[in-house]
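A.B. asks: Got final_9.pdb for you, PDB, C-alpha atoms:
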```pdb
ATOM      1  CA  GLN A   1     -13.836  -6.664 -10.271
ATOM      2  CA  VAL A   2     -12.373  -4.234  -7.752
ATOM      3  CA  GLN A   3     -11.482  -0.647  -8.583
ATOM      4  CA  LEU A   4      -8.774   1.002  -6.511
ATOM      5  CA  VAL A   5      -8.015   4.719  -6.382
ATOM      6  CA  GLU A   6      -5.046   6.074  -4.424
ATOM      7  CA  SER A   7      -4.758   9.582  -3.069
ATOM      8  CA  GLY A   8      -2.687  11.575  -0.617
ATOM      9  CA  GLY A   9       0.620  11.719  -2.424
ATOM     10  CA  GLY A  10       2.627  14.896  -2.768
ATOM     11  CA  LEU A  11       5.864  16.705  -2.044
ATOM     12  CA  VAL A  12       7.247  16.650   1.482
ATOM     13  CA  GLN A  13      10.556  17.498   3.109
ATOM     14  CA  ALA A  14      12.772  14.819   4.597
ATOM     15  CA  GLY A  15      11.547  13.937   8.076
ATOM     16  CA  GLY A  16       7.982  14.780   7.211
ATOM     17  CA  SER A  17       4.852  12.657   7.022
ATOM     18  CA  LEU A  18       2.151  11.766   4.541
ATOM     19  CA  ARG A  19      -0.894   9.539   4.697
ATOM     20  CA  LEU A  20      -1.910   7.710   1.576
ATOM     21  CA  SER A  21      -5.437   6.435   1.090
ATOM     22  CA  CYS A  22      -6.756   3.817  -1.283
ATOM     23  CA  ALA A  23     -10.501   3.720  -1.865
ATOM     24  CA  ALA A  24     -11.988   0.501  -3.189
ATOM     25  CA  SER A  25     -15.231  -0.090  -5.026
ATOM     26  CA  GLY A  26     -16.912  -2.881  -6.896
ATOM     27  CA  ARG A  27     -16.857  -5.883  -4.588
ATOM     28  CA  THR A  28     -17.024  -6.472  -0.841
ATOM     29  CA  PHE A  29     -13.866  -4.796   0.440
ATOM     30  CA  GLY A  30     -13.590  -7.084   3.439
ATOM     31  CA  ASN A  31     -13.099 -10.072   1.153
ATOM     32  CA  TYR A  32      -9.731  -8.780   0.003
ATOM     33  CA  GLY A  33      -6.333  -8.552   1.556
ATOM     34  CA  MET A  34      -4.587  -5.318   0.668
ATOM     35  CA  GLY A  35      -1.051  -4.223  -0.003
ATOM     36  CA  TRP A  36       1.043  -1.191  -0.852
ATOM     37  CA  PHE A  37       3.904  -1.266  -3.338
ATOM     38  CA  ARG A  38       6.134   1.447  -4.716
ATOM     39  CA  GLN A  39       8.251   2.054  -7.785
ATOM     40  CA  ALA A  40      11.102   4.537  -7.846
ATOM     41  CA  PRO A  41      12.466   5.912 -11.126
ATOM     42  CA  GLY A  42      14.614   3.344 -12.876
ATOM     43  CA  LYS A  43      13.800   0.632 -10.349
ATOM     44  CA  GLU A  44      11.468  -2.318 -10.166
ATOM     45  CA  ARG A  45       8.277  -2.116  -8.174
ATOM     46  CA  GLU A  46       8.803  -3.269  -4.604
ATOM     47  CA  PHE A  47       6.667  -4.377  -1.698
ATOM     48  CA  VAL A  48       5.986  -1.885   1.081
ATOM     49  CA  ALA A  49       3.278  -3.274   3.376
ATOM     50  CA  ALA A  50       0.311  -5.637   3.496
ATOM     51  CA  ILE A  51      -2.719  -6.128   5.719
ATOM     52  CA  SER A  52      -5.064  -9.088   6.016
ATOM     53  CA  ARG A  53      -8.796  -8.923   5.327
ATOM     54  CA  GLY A  54      -9.763  -8.216   8.902
ATOM     55  CA  GLY A  55      -6.680  -6.173   9.689
ATOM     56  CA  ALA A  56      -5.222  -8.515  12.271
ATOM     57  CA  LYS A  57      -2.110  -9.513  10.331
ATOM     58  CA  LEU A  58       0.432  -7.050   8.992
ATOM     59  CA  ASN A  59       3.585  -7.350   6.948
ATOM     60  CA  TYR A  60       6.212  -4.688   6.245
ATOM     61  CA  ALA A  61       9.304  -4.375   4.127
ATOM     62  CA  ASP A  62      12.390  -3.994   6.289
ATOM     63  CA  SER A  63      13.076  -0.592   4.761
ATOM     64  CA  VAL A  64       9.863   0.893   6.182
ATOM     65  CA  LYS A  65       9.452  -0.955   9.491
ATOM     66  CA  GLY A  66       9.001   1.448  12.359
ATOM     67  CA  ARG A  67       8.236   4.358  10.009
ATOM     68  CA  PHE A  68       5.197   3.273   7.977
ATOM     69  CA  THR A  69       1.884   1.918   9.253
ATOM     70  CA  ILE A  70      -0.737   0.178   7.150
ATOM     71  CA  SER A  71      -4.343   0.111   8.322
ATOM     72  CA  ARG A  72      -7.803  -0.360   6.905
ATOM     73  CA  ASP A  73     -11.362   0.711   7.564
ATOM     74  CA  ASN A  74     -13.688  -1.876   6.062
ATOM     75  CA  ALA A  75     -16.725   0.291   6.747
ATOM     76  CA  LYS A  76     -15.201   2.969   4.515
ATOM     77  CA  ASN A  77     -13.738   0.534   1.940
ATOM     78  CA  THR A  78     -10.372   2.199   2.410
ATOM     79  CA  VAL A  79      -6.826   1.162   3.203
ATOM     80  CA  TYR A  80      -4.272   3.639   4.487
ATOM     81  CA  LEU A  81      -0.513   3.984   4.582
ATOM     82  CA  GLN A  82       0.760   6.365   7.231
ATOM     83  CA  MET A  83       4.321   7.329   6.349
ATOM     84  CA  ASN A  84       6.489   9.049   8.944
ATOM     85  CA  SER A  85      10.143  10.078   8.970
ATOM     86  CA  LEU A  86      10.155  10.147   5.194
ATOM     87  CA  GLN A  87      13.480  10.102   3.426
ATOM     88  CA  PRO A  88      14.485  10.940  -0.160
ATOM     89  CA  GLU A  89      14.834   7.231  -0.878
ATOM     90  CA  ASP A  90      11.101   6.870  -0.221
ATOM     91  CA  THR A  91      10.430   8.889  -3.366
ATOM     92  CA  ALA A  92       8.354   6.722  -5.684
ATOM     93  CA  VAL A  93       4.962   6.117  -7.182
ATOM     94  CA  TYR A  94       2.937   4.260  -4.569
ATOM     95  CA  TYR A  95       0.370   1.684  -5.621
ATOM     96  CA  CYS A  96      -2.267  -0.127  -3.648
ATOM     97  CA  ALA A  97      -3.285  -3.625  -4.611
ATOM     98  CA  ALA A  98      -5.874  -6.227  -3.626
ATOM     99  CA  HIS A  99      -5.819 -10.030  -3.454
ATOM    100  CA  SER A 100      -8.322 -12.742  -2.634
ATOM    101  CA  LEU A 101      -5.954 -15.270  -1.099
ATOM    102  CA  PRO A 102      -6.937 -17.044   2.149
ATOM    103  CA  ARG A 103      -7.916 -14.854   5.050
ATOM    104  CA  ALA A 104      -4.724 -14.551   7.100
ATOM    105  CA  VAL A 105      -2.238 -14.186   4.244
ATOM    106  CA  VAL A 106      -0.216 -10.984   3.881
ATOM    107  CA  PRO A 107       1.777 -11.560   0.678
ATOM    108  CA  SER A 108       4.722  -9.495  -0.487
ATOM    109  CA  ARG A 109       4.933 -10.687  -4.088
ATOM    110  CA  GLU A 110       3.312  -8.695  -6.862
ATOM    111  CA  ASN A 111       1.978 -11.725  -8.672
ATOM    112  CA  GLU A 112      -0.219 -12.622  -5.706
ATOM    113  CA  TYR A 113      -2.237  -9.447  -6.139
ATOM    114  CA  THR A 114      -5.046  -9.271  -8.661
ATOM    115  CA  TYR A 115      -6.189  -5.658  -8.681
ATOM    116  CA  TRP A 116      -4.072  -2.518  -8.803
ATOM    117  CA  GLY A 117      -4.646   1.187  -8.519
ATOM    118  CA  GLN A 118      -3.149   3.786 -10.831
ATOM    119  CA  GLY A 119      -0.610   5.023  -8.301
ATOM    120  CA  THR A 120       0.098   8.253  -6.485
ATOM    121  CA  GLN A 121       3.414  10.123  -6.560
ATOM    122  CA  VAL A 122       5.350  10.708  -3.353
ATOM    123  CA  THR A 123       8.370  12.979  -3.562
ATOM    124  CA  VAL A 124      10.624  13.579  -0.573
ATOM    125  CA  SER A 125      13.057  16.447  -0.838
ATOM    126  CA  SER A 126      16.329  16.561   1.105
TER     127      SER A 126
END
```
How does this structure look as structure tokens?

C.D. replies:
Amino acid sequence: QVQLVESGGGLVQAGGSLRLSCAASGRTFGNYGMGWFRQAPGKEREFVAAISRGGAKLNYADSVKGRFTISRDNAKNTVYLQMNSLQPEDTAVYYCAAHSLPRAVVPSRENEYTYWGQGTQVTVSS
């Protein structure tokens, strides 16, 4: 079992930045690939970014490429999502998730992730 707790959400103006954190506990963090997803009001949850166990492989949704950066610190059992140049369409609840698929995989589908956090709200005002 892995417990995930997100933090760092909030209200920011368009063009601003936020850094989300996701702290993991329960099992060896380095055994899990990690991902970020988001769900806007009235929409389905969508993939944002993923990082492999060791951090060498990354995957981003086209909508966030060049603006968001995923990273992890296995010594701190934490994965991060640095979000720059935020836009109102980035408004959503952001979730982190963990999977135990083979080492170099960076999946974008929800059903490949086993553990989920409770989410943190990000609101971008225009």

A.B. asks: Smallest atom-to-atom distance to Met34 of chain A: which of A:Ser52, A:Ser85, A:Ser17, A:Asn74, using only C-alpha atoms?

C.D. replies: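 Under the stated criterion, the closest residue is A:Ser52.
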
A.B. asks: Given the file shown, determine the residues that the PyMOL selection byres ((chain A and resi 36) around 10) selects; report them as a short mmCIF file (atom, residue, chain, number, x, y, z; two decimals) with C-alpha atoms, in the coordinates of the input.

C.D. replies:
```cif
data_model
loop_
_atom_site.label_atom_id
_atom_site.label_comp_id
_atom_site.auth_asym_id
_atom_site.auth_seq_id
_atom_site.Cartn_x
_atom_site.Cartn_y
_atom_site.Cartn_z
CA LEU A 20 -1.91 7.71 1.58
CA CYS A 22 -6.76 3.82 -1.28
CA MET A 34 -4.59 -5.32 0.67
CA GLY A 35 -1.05 -4.22 0.00
CA PHE A 37 3.90 -1.27 -3.34
CA ARG A 38 6.13 1.45 -4.72
CA GLU A 46 8.80 -3.27 -4.60
CA PHE A 47 6.67 -4.38 -1.70
CA VAL A 48 5.99 -1.88 1.08
CA ALA A 49 3.28 -3.27 3.38
CA ALA A 50 0.31 -5.64 3.50
CA ILE A 51 -2.72 -6.13 5.72
CA TYR A 60 6.21 -4.69 6.24
CA ILE A 70 -0.74 0.18 7.15
CA VAL A 79 -6.83 1.16 3.20
CA TYR A 80 -4.27 3.64 4.49
CA LEU A 81 -0.51 3.98 4.58
CA TYR A 94 2.94 4.26 -4.57
CA TYR A 95 0.37 1.68 -5.62
CA CYS A 96 -2.27 -0.13 -3.65
CA ALA A 97 -3.28 -3.62 -4.61
CA ALA A 98 -5.87 -6.23 -3.63
CA SER A 108 4.72 -9.49 -0.49
CA GLU A 110 3.31 -8.70 -6.86
CA TRP A 116 -4.07 -2.52 -8.80
CA GLY A 117 -4.65 1.19 -8.52
CA GLY A 119 -0.61 5.02 -8.30
#
```

A.B. asks: Quick check, in Å to one decimal: how far apart do atom CA of Leu18 of chain A and atom CA of Gln82 of chain A lie?

C.D. replies: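 Going from atom CA of Leu18 of chain A over to atom CA of Gln82 of chain A, I get 6.2 Å.
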
A.B. asks: For atom CA of Arg72 of chain A and atom CA of His99 of chain A, determine how far apart the two atoms are, in Å to one decimal place.

C.D. replies: 14.3 Å

A.B. asks: Given the file above and the PyMOL selection byres ((chain A and resi 102) around 12), which residues are selected, and can you give them as a PyMOL selection string?

C.D. replies: chain A and resi 31-33+52-54+99-101+103-107+112

A.B. asks: Those same residues - C-alpha atoms - I'd like them written as a PDB file, in the coordinates of the input.

C.D. replies:
```pdb
ATOM      1  CA  ASN A  31     -13.099 -10.072   1.153  1.00  0.00           C
ATOM      2  CA  TYR A  32      -9.731  -8.780   0.003  1.00  0.00           C
ATOM      3  CA  GLY A  33      -6.333  -8.552   1.556  1.00  0.00           C
ATOM      4  CA  SER A  52      -5.064  -9.088   6.016  1.00  0.00           C
ATOM      5  CA  ARG A  53      -8.796  -8.923   5.327  1.00  0.00           C
ATOM      6  CA  GLY A  54      -9.763  -8.216   8.902  1.00  0.00           C
ATOM      7  CA  HIS A  99      -5.819 -10.030  -3.454  1.00  0.00           C
ATOM      8  CA  SER A 100      -8.322 -12.742  -2.634  1.00  0.00           C
ATOM      9  CA  LEU A 101      -5.954 -15.270  -1.099  1.00  0.00           C
ATOM     10  CA  ARG A 103      -7.916 -14.854   5.050  1.00  0.00           C
ATOM     11  CA  ALA A 104      -4.724 -14.551   7.100  1.00  0.00           C
ATOM     12  CA  VAL A 105      -2.238 -14.186   4.244  1.00  0.00           C
ATOM     13  CA  VAL A 106      -0.216 -10.984   3.881  1.00  0.00           C
ATOM     14  CA  PRO A 107       1.777 -11.560   0.678  1.00  0.00           C
ATOM     15  CA  GLU A 112      -0.219 -12.622  -5.706  1.00  0.00           C
TER      16      GLU A 112
END
```

A.B. asks: Output the residue selection produced by the PyMOL selection byres ((chain A and resi 27) around 7) on the file above, formatted as an MDAnalysis selection string.

C.D. replies: chainID A and resid 1:2 25:26 28:29

A.B. asks: Suppose you want the space between atom CA of Asn77 of chain A and atom CA of Gly9 of chain A; what is it in Å?

C.D. replies: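 Interatomic distance, atom CA of Asn77 of chain A to atom CA of Gly9 of chain A: 18.7 Å.
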